[in-house]
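What follows is the content of run.txt (compact mmCIF, C-alpha atoms and all ligand atoms).
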# COMPACT_ATOMS: atom_id res chain seq x y z
CA MET A 1 -9.62 21.09 -1.65
CA ARG A 2 -6.36 20.12 -3.23
CA VAL A 3 -4.39 17.10 -2.03
CA LEU A 4 -0.92 15.92 -2.97
CA VAL A 5 -0.61 12.21 -3.68
CA THR A 6 3.02 11.07 -3.92
CA GLY A 7 3.46 7.82 -5.81
CA GLY A 8 0.00 8.47 -7.21
CA LEU A 9 0.67 6.49 -10.38
CA GLY A 10 1.54 3.32 -8.48
CA PHE A 11 -0.73 0.45 -7.51
CA ILE A 12 -2.34 1.72 -4.28
CA GLY A 13 -1.74 5.36 -5.16
CA SER A 14 -3.68 5.27 -8.43
CA HIS A 15 -6.68 3.57 -6.83
CA THR A 16 -6.63 6.18 -4.06
CA VAL A 17 -6.52 9.04 -6.59
CA VAL A 18 -9.69 7.62 -8.15
CA GLU A 19 -11.50 7.53 -4.79
CA LEU A 20 -10.26 11.01 -3.84
CA GLN A 21 -11.57 12.46 -7.11
CA ASN A 22 -14.86 10.57 -6.68
CA ALA A 23 -15.15 12.18 -3.24
CA GLY A 24 -14.62 15.66 -4.71
CA TYR A 25 -10.96 16.29 -3.86
CA GLU A 26 -8.65 17.98 -6.37
CA VAL A 27 -5.54 15.87 -6.79
CA VAL A 28 -1.99 16.65 -7.80
CA ILE A 29 0.29 13.65 -8.20
CA ILE A 30 4.04 13.51 -7.73
CA ASP A 31 5.68 10.41 -9.17
CA ASP A 32 9.22 9.77 -10.42
CA LEU A 33 7.98 7.04 -12.79
CA SER A 34 10.61 4.64 -11.40
CA ASN A 35 7.96 1.94 -11.00
CA ALA A 36 4.92 3.38 -12.78
CA SER A 37 3.86 4.71 -16.14
CA GLU A 38 2.33 8.04 -17.14
CA ALA A 39 -0.37 6.07 -19.00
CA VAL A 40 -1.97 5.39 -15.60
CA LEU A 41 -3.27 8.99 -15.83
CA ASP A 42 -5.46 7.89 -18.75
CA GLY A 43 -6.85 5.00 -16.70
CA ILE A 44 -7.73 7.39 -13.87
CA GLU A 45 -9.37 9.76 -16.35
CA ALA A 46 -11.36 6.92 -17.93
CA ILE A 47 -12.85 6.04 -14.53
CA THR A 48 -13.40 9.48 -13.02
CA GLY A 49 -13.75 11.69 -16.12
CA LYS A 50 -10.91 13.83 -14.84
CA LYS A 51 -7.17 13.77 -15.37
CA PRO A 52 -5.37 14.76 -12.17
CA ASP A 53 -2.47 17.22 -12.26
CA PHE A 54 0.85 15.45 -12.48
CA GLU A 55 4.44 16.51 -11.76
CA LYS A 56 7.29 14.13 -12.55
CA LEU A 57 9.62 14.69 -9.67
CA ASP A 58 12.13 12.83 -7.52
CA LEU A 59 11.33 13.57 -3.88
CA ARG A 60 15.01 13.23 -2.98
CA ASP A 61 15.51 16.52 -4.83
CA LYS A 62 14.91 18.98 -1.99
CA ASN A 63 14.92 22.06 -4.23
CA ALA A 64 12.40 20.51 -6.58
CA VAL A 65 10.15 19.65 -3.62
CA SER A 66 10.35 23.28 -2.39
CA ALA A 67 9.52 24.60 -5.86
CA PHE A 68 6.57 22.22 -6.05
CA PHE A 69 5.12 23.52 -2.77
CA LYS A 70 5.49 27.11 -3.99
CA LYS A 71 3.60 26.25 -7.17
CA TYR A 72 0.83 24.38 -5.33
CA ALA A 73 0.56 26.58 -2.25
CA ASP A 74 -3.09 25.66 -1.63
CA ILE A 75 -2.46 21.99 -0.78
CA VAL A 76 -4.34 20.97 2.39
CA GLY A 77 -2.56 17.70 2.85
CA ALA A 78 -0.56 14.86 1.38
CA ILE A 79 -0.97 11.12 1.07
CA HIS A 80 2.53 9.71 0.85
CA PHE A 81 2.84 6.46 -1.10
CA ALA A 82 6.09 7.10 -2.95
CA ALA A 83 8.68 4.61 -1.69
CA SER A 84 10.74 1.62 -2.72
CA LYS A 85 9.06 -1.57 -1.55
CA ALA A 86 10.96 -4.68 -2.61
CA VAL A 87 11.89 -6.47 0.60
CA GLY A 88 14.67 -8.62 -0.91
CA GLU A 89 16.25 -5.73 -2.80
CA SER A 90 16.28 -3.64 0.37
CA VAL A 91 18.51 -6.24 2.07
CA HIS A 92 21.09 -5.83 -0.69
CA LYS A 93 20.73 -2.06 -1.12
CA PRO A 94 20.00 -0.74 2.37
CA LEU A 95 21.33 2.77 1.78
CA LEU A 96 19.22 3.18 -1.34
CA TYR A 97 16.15 2.29 0.71
CA TYR A 98 17.05 4.55 3.64
CA GLU A 99 17.81 7.42 1.27
CA ASN A 100 14.80 7.00 -0.96
CA ASN A 101 12.19 6.25 1.66
CA LEU A 102 13.39 8.55 4.44
CA SER A 103 14.95 11.62 2.82
CA SER A 104 11.83 12.08 0.70
CA LEU A 105 9.68 11.85 3.83
CA VAL A 106 11.77 14.44 5.67
CA TYR A 107 11.67 16.91 2.77
CA LEU A 108 7.91 16.55 2.48
CA LEU A 109 7.43 17.08 6.21
CA GLN A 110 9.68 20.15 6.15
CA GLU A 111 7.43 21.72 3.53
CA LEU A 112 4.16 20.66 5.16
CA THR A 113 5.13 21.88 8.63
CA ALA A 114 6.07 25.28 7.17
CA LYS A 115 2.42 25.76 6.19
CA ASP A 116 -0.26 27.21 8.47
CA SER A 117 -1.73 23.74 8.77
CA ALA A 118 -1.37 20.42 7.04
CA ASN A 119 -2.65 16.85 7.08
CA PHE A 120 -0.57 13.81 6.30
CA ILE A 121 -1.40 10.18 5.56
CA PHE A 122 1.48 7.70 5.57
CA SER A 123 1.63 4.30 3.86
CA SER A 124 2.83 1.98 6.55
CA SER A 125 2.72 -1.79 6.72
CA CYS A 126 1.76 -4.63 9.03
CA THR A 127 5.38 -5.65 8.59
CA VAL A 128 6.05 -3.40 11.64
CA TYR A 129 4.45 -6.08 13.85
CA GLY A 130 6.72 -8.89 12.63
CA GLN A 131 5.32 -12.20 13.93
CA ALA A 132 2.79 -10.86 16.42
CA ASP A 133 2.30 -12.85 19.61
CA GLU A 134 -1.49 -12.55 19.39
CA LEU A 135 -3.91 -12.81 16.49
CA PRO A 136 -5.77 -10.88 15.22
CA ILE A 137 -3.25 -8.04 15.44
CA THR A 138 -4.38 -4.85 17.16
CA GLU A 139 -2.72 -1.47 16.82
CA ASN A 140 -1.40 -1.93 20.36
CA ALA A 141 0.68 -4.96 19.42
CA PRO A 142 4.36 -4.16 19.93
CA VAL A 143 6.47 -3.08 16.99
CA LYS A 144 9.12 -5.78 16.52
CA PRO A 145 12.68 -5.31 15.23
CA ALA A 146 12.39 -5.04 11.46
CA GLU A 147 13.34 -8.05 9.32
CA SER A 148 14.58 -5.89 6.44
CA PRO A 149 15.73 -2.35 5.66
CA TYR A 150 12.41 -1.89 3.81
CA GLY A 151 10.47 -2.77 6.98
CA ASN A 152 12.78 -0.55 9.00
CA THR A 153 12.02 2.45 6.77
CA LYS A 154 8.34 2.00 7.64
CA GLN A 155 9.10 1.86 11.38
CA ILE A 156 11.48 4.83 11.25
CA GLY A 157 9.05 6.69 8.99
CA GLU A 158 6.31 6.30 11.59
CA GLU A 159 8.67 7.56 14.33
CA ILE A 160 9.72 10.58 12.27
CA ILE A 161 6.06 11.49 11.72
CA ARG A 162 5.11 10.93 15.35
CA ASP A 163 7.96 13.11 16.59
CA THR A 164 6.97 15.81 14.10
CA THR A 165 3.35 15.91 15.26
CA LYS A 166 4.59 16.42 18.84
CA VAL A 167 6.09 19.81 18.07
CA TYR A 168 3.94 21.23 15.27
CA ASP A 169 0.38 21.66 16.57
CA LYS A 170 -1.06 22.38 13.16
CA PHE A 171 0.41 19.27 11.60
CA LYS A 172 -1.73 16.15 11.92
CA ALA A 173 -0.94 12.68 10.67
CA ILE A 174 -2.31 9.18 10.34
CA ALA A 175 -0.19 6.10 9.63
CA LEU A 176 -2.10 3.35 7.86
CA ARG A 177 -0.70 -0.12 8.37
CA TYR A 178 -1.71 -2.17 5.36
CA PHE A 179 -2.03 -5.91 5.46
CA ASN A 180 -1.81 -7.49 1.95
CA PRO A 181 -3.34 -5.27 -0.75
CA ILE A 182 -4.41 -7.11 -3.90
CA GLY A 183 -6.85 -6.80 -6.80
CA ALA A 184 -7.62 -4.09 -9.33
CA HIS A 185 -10.28 -1.51 -10.06
CA PRO A 186 -13.44 -3.34 -11.33
CA SER A 187 -13.34 -1.19 -14.49
CA VAL A 188 -9.92 -2.78 -15.22
CA GLU A 189 -8.69 0.66 -16.25
CA ILE A 190 -6.02 0.52 -13.51
CA GLY A 191 -4.35 -2.30 -11.57
CA GLU A 192 -1.01 -3.62 -10.38
CA LEU A 193 1.92 -3.52 -12.81
CA PRO A 194 4.90 -5.20 -11.14
CA LEU A 195 8.31 -4.64 -12.70
CA GLY A 196 10.08 -7.88 -13.64
CA VAL A 197 9.35 -11.08 -11.74
CA PRO A 198 6.66 -10.42 -9.12
CA GLN A 199 7.68 -11.07 -5.51
CA ASN A 200 4.13 -10.96 -4.16
CA LEU A 201 1.76 -13.89 -4.27
CA VAL A 202 -1.21 -12.62 -6.27
CA PRO A 203 0.64 -11.05 -9.22
CA PHE A 204 2.70 -14.24 -9.41
CA ILE A 205 -0.50 -16.29 -9.52
CA THR A 206 -2.12 -14.19 -12.26
CA GLN A 207 1.08 -14.14 -14.33
CA THR A 208 1.36 -17.90 -14.02
CA ALA A 209 -2.24 -18.34 -15.14
CA ALA A 210 -1.57 -15.96 -18.04
CA GLY A 211 1.38 -18.11 -19.13
CA LEU A 212 4.17 -15.63 -18.31
CA ARG A 213 5.50 -17.79 -15.49
CA GLU A 214 5.67 -21.53 -15.68
CA GLN A 215 4.85 -22.40 -12.11
CA LEU A 216 4.07 -20.80 -8.78
CA SER A 217 6.30 -21.85 -5.90
CA VAL A 218 4.41 -22.13 -2.63
CA PHE A 219 6.91 -21.24 0.07
CA GLY A 220 6.51 -23.98 2.65
CA ASN A 221 3.64 -26.21 3.80
CA ASP A 222 5.01 -27.17 7.19
CA TYR A 223 3.94 -24.07 9.10
CA PRO A 224 1.75 -24.42 12.20
CA THR A 225 -1.44 -23.43 10.32
CA ALA A 226 -4.50 -25.46 9.30
CA ASP A 227 -3.06 -26.52 5.92
CA GLY A 228 0.61 -25.80 6.66
CA THR A 229 0.90 -22.71 4.43
CA CYS A 230 1.27 -19.12 5.69
CA VAL A 231 -1.79 -17.06 6.49
CA ARG A 232 -2.27 -13.43 5.45
CA ASP A 233 -5.03 -10.83 5.38
CA TYR A 234 -5.64 -10.02 1.71
CA ILE A 235 -7.46 -6.73 1.27
CA HIS A 236 -9.02 -5.42 -1.94
CA VAL A 237 -7.13 -2.34 -3.14
CA VAL A 238 -10.40 -0.44 -3.75
CA ASP A 239 -11.42 -0.92 -0.10
CA LEU A 240 -7.94 0.17 0.93
CA ALA A 241 -8.14 3.27 -1.30
CA LYS A 242 -11.44 4.29 0.29
CA ALA A 243 -9.88 4.09 3.74
CA HIS A 244 -7.34 6.74 2.68
CA VAL A 245 -10.12 9.14 1.75
CA MET A 246 -11.79 8.55 5.11
CA ALA A 247 -8.51 9.06 6.97
CA LEU A 248 -7.80 12.31 5.13
CA THR A 249 -11.32 13.60 5.69
CA ARG A 250 -11.03 12.75 9.39
CA LEU A 251 -8.03 15.09 9.62
CA VAL A 252 -9.50 17.79 7.37
CA GLU A 253 -12.68 17.84 9.50
CA ASP A 254 -10.68 17.80 12.75
CA LYS A 255 -12.25 14.56 13.89
CA ASN A 256 -8.95 13.01 14.96
CA LYS A 257 -8.50 12.24 18.65
CA THR A 258 -4.77 12.94 18.73
CA ASN A 259 -2.46 14.54 16.18
CA TYR A 260 -0.82 11.22 15.40
CA GLU A 261 -2.98 8.15 14.94
CA VAL A 262 -2.38 4.64 13.63
CA PHE A 263 -4.89 2.31 11.99
CA ASN A 264 -4.68 -1.24 10.70
CA LEU A 265 -6.19 -1.76 7.27
CA GLY A 266 -7.20 -5.34 6.66
CA THR A 267 -10.32 -7.45 6.36
CA GLY A 268 -9.89 -9.22 9.68
CA THR A 269 -9.86 -12.61 7.97
CA GLY A 270 -6.77 -14.68 7.38
CA SER A 271 -6.38 -16.84 4.25
CA SER A 272 -3.69 -19.42 3.62
CA VAL A 273 -1.69 -19.57 0.41
CA LEU A 274 -3.57 -22.73 -0.60
CA GLU A 275 -6.92 -21.03 0.07
CA VAL A 276 -5.88 -18.14 -2.17
CA ILE A 277 -4.93 -20.59 -4.92
CA GLU A 278 -8.22 -22.49 -4.55
CA THR A 279 -10.28 -19.28 -4.67
CA PHE A 280 -8.31 -18.13 -7.70
CA GLU A 281 -9.05 -21.42 -9.45
CA GLN A 282 -12.76 -21.01 -8.73
CA VAL A 283 -13.06 -17.44 -10.01
CA SER A 284 -10.83 -17.96 -13.05
CA GLY A 285 -12.06 -21.43 -13.95
CA GLN A 286 -8.40 -22.42 -14.43
CA LYS A 287 -6.15 -24.94 -12.75
CA LEU A 288 -3.05 -23.25 -11.45
CA ASN A 289 0.33 -24.91 -11.90
CA TYR A 290 2.07 -24.80 -8.51
CA LYS A 291 4.47 -26.79 -6.40
CA ILE A 292 5.42 -26.74 -2.75
CA VAL A 293 9.01 -25.63 -2.14
CA ASP A 294 11.06 -24.63 0.92
CA ARG A 295 10.05 -21.81 3.19
CA ARG A 296 11.05 -18.28 2.16
CA GLU A 297 13.38 -16.59 4.58
CA GLY A 298 11.77 -13.86 6.68
CA ASP A 299 8.14 -14.97 6.23
CA VAL A 300 5.93 -14.78 9.29
CA VAL A 301 3.56 -17.68 9.92
CA ALA A 302 0.31 -15.75 10.18
CA ALA A 303 -0.81 -12.14 10.15
CA TYR A 304 -4.32 -10.73 10.05
CA ALA A 305 -5.82 -7.54 11.33
CA ASP A 306 -8.02 -6.70 14.24
CA THR A 307 -10.24 -4.20 12.44
CA ASP A 308 -12.16 -2.79 15.43
CA LYS A 309 -10.30 0.49 15.61
CA ALA A 310 -10.66 1.25 11.89
CA ASN A 311 -14.34 0.28 12.09
CA SER A 312 -15.23 2.36 15.11
CA GLU A 313 -12.92 5.35 14.68
CA LEU A 314 -12.57 5.76 10.92
CA GLY A 315 -15.99 4.30 10.17
CA TRP A 316 -14.32 2.09 7.60
CA LYS A 317 -14.87 -1.58 6.92
CA SER A 318 -13.75 -3.64 3.96
CA GLN A 319 -16.68 -4.53 1.68
CA LEU A 320 -15.17 -6.74 -1.01
CA SER A 321 -14.27 -10.41 -0.69
CA LEU A 322 -11.13 -12.38 -1.50
CA ALA A 323 -13.01 -13.78 -4.52
CA ASP A 324 -13.87 -10.23 -5.70
CA ALA A 325 -10.23 -9.21 -5.35
CA LEU A 326 -8.86 -12.26 -7.18
CA ARG A 327 -11.46 -11.92 -9.95
CA SER A 328 -10.47 -8.29 -10.54
CA ALA A 329 -6.76 -9.16 -10.43
CA TRP A 330 -7.35 -11.85 -13.05
CA ASP A 331 -9.51 -9.58 -15.25
CA TRP A 332 -6.74 -6.98 -15.10
CA GLU A 333 -4.01 -9.51 -15.96
CA LYS A 334 -6.07 -10.74 -18.93
CA LYS A 335 -6.55 -7.19 -20.16
CA VAL A 336 -2.85 -6.33 -19.84
CA ARG A 337 -1.84 -9.53 -21.70
CA GLY A 338 -4.58 -9.30 -24.29
CA ILE A 339 -6.19 -12.60 -23.21
CA GLU A 340 -9.86 -13.09 -24.13
C1 LIG B 401 5.52 -8.81 1.69
C2 LIG B 401 6.59 -8.34 2.60
C3 LIG B 401 6.05 -7.24 3.45
C4 LIG B 401 5.61 -6.10 2.58
C5 LIG B 401 4.63 -6.58 1.55
C6 LIG B 401 4.50 -5.49 0.53
C7 LIG B 401 8.12 -10.23 2.97
C8 LIG B 401 8.58 -11.24 3.94
N1 LIG B 401 7.10 -9.43 3.40
O1 LIG B 401 4.44 -9.30 2.48
O2 LIG B 401 7.05 -6.76 4.33
O3 LIG B 401 5.03 -5.09 3.34
O4 LIG B 401 5.10 -7.75 0.88
O5 LIG B 401 3.94 -5.92 -0.64
O6 LIG B 401 8.61 -10.13 1.88
N2 LIG B 401 4.13 -16.68 -1.44
C9 LIG B 401 4.33 -17.88 -2.08
N3 LIG B 401 4.87 -17.84 -3.34
C10 LIG B 401 5.21 -16.69 -3.98
C11 LIG B 401 4.99 -15.47 -3.30
C12 LIG B 401 4.45 -15.49 -2.03
O7 LIG B 401 4.05 -18.94 -1.56
O8 LIG B 401 5.72 -16.74 -5.11
C13 LIG B 401 3.52 -16.68 -0.10
C14 LIG B 401 4.40 -16.11 0.98
O9 LIG B 401 5.21 -17.07 1.56
C15 LIG B 401 3.37 -15.53 1.94
C16 LIG B 401 2.19 -15.15 1.04
O10 LIG B 401 2.37 -15.88 -0.16
O11 LIG B 401 2.94 -16.53 2.81
C17 LIG B 401 2.12 -13.67 0.73
O12 LIG B 401 3.39 -13.24 0.25
P1 LIG B 401 3.63 -11.80 -0.32
O13 LIG B 401 2.59 -11.47 -1.33
O14 LIG B 401 5.06 -11.69 -0.72
O15 LIG B 401 3.33 -10.83 0.92
P2 LIG B 401 4.00 -10.81 2.37
O16 LIG B 401 5.18 -11.66 2.47
O17 LIG B 401 2.91 -11.04 3.35
Starting from the file, give its structure as structure tokens.
Ligand code: UD1
Amino acid sequence: MRVLVTGGLGFIGSHTVVELQNAGYEVVIIDDLSNASEAVLDGIEAITGKKPDFEKLDLRDKNAVSAFFKKYADIVGAIHFAASKAVGESVHKPLLYYENNLSSLVYLLQELTAKDSANFIFSSSCTVYGQADELPITENAPVKPAESPYGNTKQIGEEIIRDTTKVYDKFKAIALRYFNPIGAHPSVEIGELPLGVPQNLVPFITQTAAGLREQLSVFGNDYPTADGTCVRDYIHVVDLAKAHVMALTRLVEDKNKTNYEVFNLGTGTGSSVLEVIETFEQVSGQKLNYKIVDRREGDVVAAYADTDKANSELGWKSQLSLADALRSAWDWEKKVRGIE
């Protein structure tokens, strides 16, 4: 069975392609290479023994998307990762984010709903919950007004998909709300490759340890948490990738309960910024240079997943620990920088 993976050369996409191929799916990737490199195909091949098909294509090009679906008419579904994801940039370039993240989604859905049947997995984010009133966060927690255009594209994207499943019986979809994906494949053939200065915590930590950044700034230690720093649910990207395969297979095998479903993907455990730093220091055997600075605007105090629904419905549970994830992230950083 052939599956389309958009953004399949990116961080989560590439790890998911590996797990799809390991599970026996044929994969064709669409990527515009705006934030990924074609060399990732070699990494995927080194792990799985198979190079997936690849089409360099901008999903905002409606005609190109149509031509793609004519060429690959046997696709049974799509996992849609391709999107812009820098929160800060989205505040300054809202229209770019709305155009890139939403027009591409609409064009894909137009093609998929024109087929006899199709399955769709959407990359959503726990950002849709904002600061939830109750922890851990269940899928029933209310969606809060988005803090950024990026977050809004995830909320609107979910609504577009939900509305679409209401009128096309043969179109089924699952939105996966990720908590904080980190780490790299244990083979260190693929991993995260942020462009420019990383905005996310773990790549900033590994780049600081590798000597690319002088010092990590910890954004605030006066939050109402045990050590005063923000708490997040860091999930190993390999665990996350496996959840996508299970979600797709659920739809392919008609095991879904409704034609639009939502699942949280997290470990269920919250870790503070200082705990992440401490665990990184243990696994890397290095002291990390960091200082406490002011809070970052828009940060929520604490977010971690209630994983019951994913456990019982998808049959998925994260297996790898924060230490595993940080060790793999560090091994990957060392490989990329040529550090022994
Ligand atoms: C961020 C986005 C979220 C998005 C996700 C995608 C914000 C407010 N949220 O999540 O919408 O879905 O990325 O990747 O941007 N931290 C530091 N120093 C740093 C970087 C981060 O102390 O240099 C702290 C943050 O304050 C936060 C934690 O580390 O408490 C995690 O930050 P980050 O990796 O950026 O993820 P989120 O903010 O949770």
Write out as JSON lines a residue-level contact list of chain A versus ligand LIG 401 (chain B) with cut-off 9 Å: for each qualifying residue the closest pair of atoms and the distance in Å to one decimal, counting all atoms listed in the file, rows sorted by chain and residue number upward.
{"residue": "A:Lys85", "atom": "CA", "partner": "B:LIG401", "partner_atom": "C6", "distance": 6.4}
{"residue": "A:Ala86", "atom": "CA", "partner": "B:LIG401", "partner_atom": "C6", "distance": 7.2}
{"residue": "A:Val87", "atom": "CA", "partner": "B:LIG401", "partner_atom": "O6", "distance": 5.1}
{"residue": "A:Gly88", "atom": "CA", "partner": "B:LIG401", "partner_atom": "O6", "distance": 6.8}
{"residue": "A:Ser124", "atom": "CA", "partner": "B:LIG401", "partner_atom": "O3", "distance": 8.1}
{"residue": "A:Ser125", "atom": "CA", "partner": "B:LIG401", "partner_atom": "O3", "distance": 5.3}
{"residue": "A:Cys126", "atom": "CA", "partner": "B:LIG401", "partner_atom": "O3", "distance": 6.6}
{"residue": "A:Thr127", "atom": "CA", "partner": "B:LIG401", "partner_atom": "O2", "distance": 4.7}
{"residue": "A:Val128", "atom": "CA", "partner": "B:LIG401", "partner_atom": "O2", "distance": 8.1}
{"residue": "A:Gly130", "atom": "CA", "partner": "B:LIG401", "partner_atom": "O2", "distance": 8.6}
{"residue": "A:Glu147", "atom": "CA", "partner": "B:LIG401", "partner_atom": "C8", "distance": 7.9}
{"residue": "A:Ser148", "atom": "CA", "partner": "B:LIG401", "partner_atom": "O2", "distance": 7.9}
{"residue": "A:Tyr150", "atom": "CA", "partner": "B:LIG401", "partner_atom": "O2", "distance": 7.3}
{"residue": "A:Gly151", "atom": "CA", "partner": "B:LIG401", "partner_atom": "O2", "distance": 5.9}
{"residue": "A:Lys154", "atom": "CA", "partner": "B:LIG401", "partner_atom": "O3", "distance": 8.9}
{"residue": "A:Tyr178", "atom": "CA", "partner": "B:LIG401", "partner_atom": "O3", "distance": 7.6}
{"residue": "A:Phe179", "atom": "CA", "partner": "B:LIG401", "partner_atom": "O3", "distance": 7.4}
{"residue": "A:Asn180", "atom": "CA", "partner": "B:LIG401", "partner_atom": "O17", "distance": 6.1}
{"residue": "A:Pro181", "atom": "CA", "partner": "B:LIG401", "partner_atom": "O5", "distance": 7.3}
{"residue": "A:Ile182", "atom": "CA", "partner": "B:LIG401", "partner_atom": "O13", "distance": 8.6}
{"residue": "A:Pro198", "atom": "CA", "partner": "B:LIG401", "partner_atom": "O8", "distance": 7.5}
{"residue": "A:Gln199", "atom": "CA", "partner": "B:LIG401", "partner_atom": "O14", "distance": 5.5}
{"residue": "A:Asn200", "atom": "CA", "partner": "B:LIG401", "partner_atom": "O13", "distance": 3.3}
{"residue": "A:Leu201", "atom": "CA", "partner": "B:LIG401", "partner_atom": "C11", "distance": 3.7}
{"residue": "A:Val202", "atom": "CA", "partner": "B:LIG401", "partner_atom": "O13", "distance": 6.3}
{"residue": "A:Pro203", "atom": "CA", "partner": "B:LIG401", "partner_atom": "O13", "distance": 8.1}
{"residue": "A:Phe204", "atom": "CA", "partner": "B:LIG401", "partner_atom": "O8", "distance": 5.8}
{"residue": "A:Ile205", "atom": "CA", "partner": "B:LIG401", "partner_atom": "O8", "distance": 7.6}
{"residue": "A:Leu216", "atom": "CA", "partner": "B:LIG401", "partner_atom": "O8", "distance": 5.7}
{"residue": "A:Ser217", "atom": "CA", "partner": "B:LIG401", "partner_atom": "N3", "distance": 5.0}
{"residue": "A:Val218", "atom": "CA", "partner": "B:LIG401", "partner_atom": "O7", "distance": 3.4}
{"residue": "A:Phe219", "atom": "CA", "partner": "B:LIG401", "partner_atom": "O7", "distance": 4.0}
{"residue": "A:Gly220", "atom": "CA", "partner": "B:LIG401", "partner_atom": "O7", "distance": 7.0}
{"residue": "A:Thr229", "atom": "CA", "partner": "B:LIG401", "partner_atom": "O11", "distance": 6.7}
{"residue": "A:Cys230", "atom": "CA", "partner": "B:LIG401", "partner_atom": "O11", "distance": 4.2}
{"residue": "A:Val231", "atom": "CA", "partner": "B:LIG401", "partner_atom": "O11", "distance": 6.0}
{"residue": "A:Arg232", "atom": "CA", "partner": "B:LIG401", "partner_atom": "O17", "distance": 6.1}
{"residue": "A:Asp233", "atom": "CA", "partner": "B:LIG401", "partner_atom": "O17", "distance": 8.2}
{"residue": "A:Tyr234", "atom": "CA", "partner": "B:LIG401", "partner_atom": "C17", "distance": 8.6}
{"residue": "A:Ser272", "atom": "CA", "partner": "B:LIG401", "partner_atom": "O11", "distance": 7.3}
{"residue": "A:Val273", "atom": "CA", "partner": "B:LIG401", "partner_atom": "O10", "distance": 5.5}
{"residue": "A:Leu274", "atom": "CA", "partner": "B:LIG401", "partner_atom": "O7", "distance": 8.6}
{"residue": "A:Val276", "atom": "CA", "partner": "B:LIG401", "partner_atom": "O10", "distance": 8.8}
{"residue": "A:Ile292", "atom": "CA", "partner": "B:LIG401", "partner_atom": "O7", "distance": 8.0}
{"residue": "A:Val293", "atom": "CA", "partner": "B:LIG401", "partner_atom": "O7", "distance": 8.3}
{"residue": "A:Arg295", "atom": "CA", "partner": "B:LIG401", "partner_atom": "O9", "distance": 7.0}
{"residue": "A:Arg296", "atom": "CA", "partner": "B:LIG401", "partner_atom": "O9", "distance": 6.0}
{"residue": "A:Glu297", "atom": "CA", "partner": "B:LIG401", "partner_atom": "C8", "distance": 7.2}
{"residue": "A:Gly298", "atom": "CA", "partner": "B:LIG401", "partner_atom": "C8", "distance": 5.0}
{"residue": "A:Asp299", "atom": "CA", "partner": "B:LIG401", "partner_atom": "C8", "distance": 4.4}
{"residue": "A:Val300", "atom": "CA", "partner": "B:LIG401", "partner_atom": "C8", "distance": 6.9}
{"residue": "A:Val301", "atom": "CA", "partner": "B:LIG401", "partner_atom": "O11", "distance": 7.2}
{"residue": "A:Ala302", "atom": "CA", "partner": "B:LIG401", "partner_atom": "O11", "distance": 7.9}
{"residue": "A:Ala303", "atom": "CA", "partner": "B:LIG401", "partner_atom": "O17", "distance": 7.8}
Output of the above residues as a short mmCIF file (atom, residue, chain, number, x, y, z; two decimals), in the frame of the given file, restricted to C-alpha atoms:
data_model
loop_
_atom_site.label_atom_id
_atom_site.label_comp_id
_atom_site.auth_asym_id
_atom_site.auth_seq_id
_atom_site.Cartn_x
_atom_site.Cartn_y
_atom_site.Cartn_z
CA LYS A 85 9.06 -1.57 -1.55
CA ALA A 86 10.96 -4.68 -2.61
CA VAL A 87 11.89 -6.47 0.60
CA GLY A 88 14.67 -8.62 -0.91
CA SER A 124 2.83 1.98 6.55
CA SER A 125 2.72 -1.79 6.72
CA CYS A 126 1.76 -4.63 9.03
CA THR A 127 5.38 -5.65 8.59
CA VAL A 128 6.05 -3.40 11.64
CA GLY A 130 6.72 -8.89 12.63
CA GLU A 147 13.34 -8.05 9.32
CA SER A 148 14.58 -5.89 6.44
CA TYR A 150 12.41 -1.89 3.81
CA GLY A 151 10.47 -2.77 6.98
CA LYS A 154 8.34 2.00 7.64
CA TYR A 178 -1.71 -2.17 5.36
CA PHE A 179 -2.03 -5.91 5.46
CA ASN A 180 -1.81 -7.49 1.95
CA PRO A 181 -3.34 -5.27 -0.75
CA ILE A 182 -4.41 -7.11 -3.90
CA PRO A 198 6.66 -10.42 -9.12
CA GLN A 199 7.68 -11.07 -5.51
CA ASN A 200 4.13 -10.96 -4.16
CA LEU A 201 1.76 -13.89 -4.27
CA VAL A 202 -1.21 -12.62 -6.27
CA PRO A 203 0.64 -11.05 -9.22
CA PHE A 204 2.70 -14.24 -9.41
CA ILE A 205 -0.50 -16.29 -9.52
CA LEU A 216 4.07 -20.80 -8.78
CA SER A 217 6.30 -21.85 -5.90
CA VAL A 218 4.41 -22.13 -2.63
CA PHE A 219 6.91 -21.24 0.07
CA GLY A 220 6.51 -23.98 2.65
CA THR A 229 0.90 -22.71 4.43
CA CYS A 230 1.27 -19.12 5.69
CA VAL A 231 -1.79 -17.06 6.49
CA ARG A 232 -2.27 -13.43 5.45
CA ASP A 233 -5.03 -10.83 5.38
CA TYR A 234 -5.64 -10.02 1.71
CA SER A 272 -3.69 -19.42 3.62
CA VAL A 273 -1.69 -19.57 0.41
CA LEU A 274 -3.57 -22.73 -0.60
CA VAL A 276 -5.88 -18.14 -2.17
CA ILE A 292 5.42 -26.74 -2.75
CA VAL A 293 9.01 -25.63 -2.14
CA ARG A 295 10.05 -21.81 3.19
CA ARG A 296 11.05 -18.28 2.16
CA GLU A 297 13.38 -16.59 4.58
CA GLY A 298 11.77 -13.86 6.68
CA ASP A 299 8.14 -14.97 6.23
CA VAL A 300 5.93 -14.78 9.29
CA VAL A 301 3.56 -17.68 9.92
CA ALA A 302 0.31 -15.75 10.18
CA ALA A 303 -0.81 -12.14 10.15
#
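Note that the spacing between CA of Phe280 (chain A) and CA of Ala209 (chain A) amounts to 9.6 Å.
Atom to atom, CA of Arg250 (chain A) and CA of Leu59 (chain A) stand 26.0 Å apart.
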